[in-house]
$ cat start23.txt   # compact mmCIF, C-alpha atoms
# COMPACT_ATOMS: atom_id res chain seq x y z
CA MET A 1 143.32 94.04 100.20
CA ASP A 2 144.55 95.70 103.33
CA GLU A 3 145.24 93.89 106.61
CA ARG A 4 141.77 94.57 108.08
CA ASP A 5 140.03 93.15 105.03
CA LEU A 6 142.20 90.05 105.13
CA TRP A 7 141.43 89.55 108.83
CA LYS A 8 137.68 89.97 108.24
CA THR A 9 137.86 87.43 105.43
CA PHE A 10 139.57 84.96 107.78
CA GLN A 11 137.04 85.60 110.56
CA GLN A 12 134.17 84.84 108.22
CA SER A 13 135.65 81.77 106.57
CA GLY A 14 137.88 80.28 109.28
CA ARG A 15 140.05 78.84 106.50
CA VAL A 16 143.77 78.30 107.08
CA GLU A 17 144.49 79.73 103.63
CA ASP A 18 142.82 83.01 104.56
CA TYR A 19 144.80 83.19 107.81
CA LEU A 20 148.06 82.60 105.94
CA ARG A 21 147.18 85.40 103.51
CA TYR A 22 146.53 87.68 106.49
CA ARG A 23 149.94 86.76 107.94
CA GLY A 24 151.61 87.43 104.58
CA VAL A 25 152.57 83.86 103.77
CA SER A 26 152.22 82.91 100.13
CA LEU A 27 150.33 79.67 99.67
CA SER A 28 152.98 78.26 97.34
CA GLN A 29 155.64 78.99 99.99
CA ALA A 30 153.58 77.16 102.62
CA ALA A 31 153.05 74.20 100.28
CA ASN A 32 156.78 73.94 99.62
CA THR A 33 157.49 73.93 103.36
CA VAL A 34 155.00 71.13 103.97
CA GLN A 35 156.38 69.15 101.05
CA GLY A 36 159.91 69.52 102.44
CA GLU A 37 158.78 68.17 105.79
CA ARG A 38 157.18 65.15 104.13
CA THR A 39 160.33 64.24 102.25
CA ALA A 40 162.36 64.56 105.46
CA TYR A 41 160.18 61.84 106.99
CA GLY A 42 160.48 59.43 104.11
CA ASP A 43 157.46 60.69 102.15
CA GLY A 44 155.12 59.35 104.82
CA SER A 45 152.78 61.34 106.99
CA LYS A 46 153.98 62.25 110.46
CA THR A 47 152.03 60.67 113.30
CA ALA A 48 151.79 61.23 117.04
CA PHE A 49 154.15 58.28 117.47
CA ASP A 50 156.90 60.30 115.74
CA ASP A 51 156.68 63.00 118.43
CA ARG A 52 157.07 60.74 121.46
CA ARG A 53 160.04 61.09 123.76
CA PRO A 54 162.31 58.12 124.41
CA ARG A 55 161.17 56.04 127.38
CA ASP A 56 164.46 56.46 129.23
CA SER A 57 164.32 60.27 129.25
CA GLY A 58 164.61 60.32 133.06
CA VAL A 59 161.48 62.40 133.49
$ encode --input "start23.txt" --output "structure tokens"
Amino acid sequence: MDERDLWKTFQQSGRVEDYLRYRGVSLSQAANTVQGERTAYGDGSKTAFDDRRPRDSGV
């Protein structure tokens, strides 16, 4: 498939997998990246609490 076909497929489906194919990311590569992030956080899922700034940030 060429780039236009991949984009049309994504537009019709709206699926993340189709967008990643359009961008040239292999799905196995994306899965490995996500798995690496999970192990970095102790095999648990990351929550909004994990992204909070410290209270004494001075802002």
$ atom_distance --input "start23.txt" --atom1 "CA of Trp7 (chain A)" --atom2 "CA of Val25 (chain A)"
13.5 Å
$ atom_distance --input "start23.txt" --atom1 "CA of Arg15 (chain A)" --atom2 "CA of Glu3 (chain A)"
15.9 Å
$ atom_distance --input "start23.txt" --atom1 "CA of Met1 (chain A)" --atom2 "CA of Ser28 (chain A)"
18.7 Å
$ axis_aligned_box --input "start23.txt" --around "region 16-24 of chain A" --padding-each-side "6 Å" --output "JSON"
{"center_x": 147.2, "center_y": 83.0, "center_z": 105.7, "size_x": 20.8, "size_y": 21.4, "size_z": 16.4}
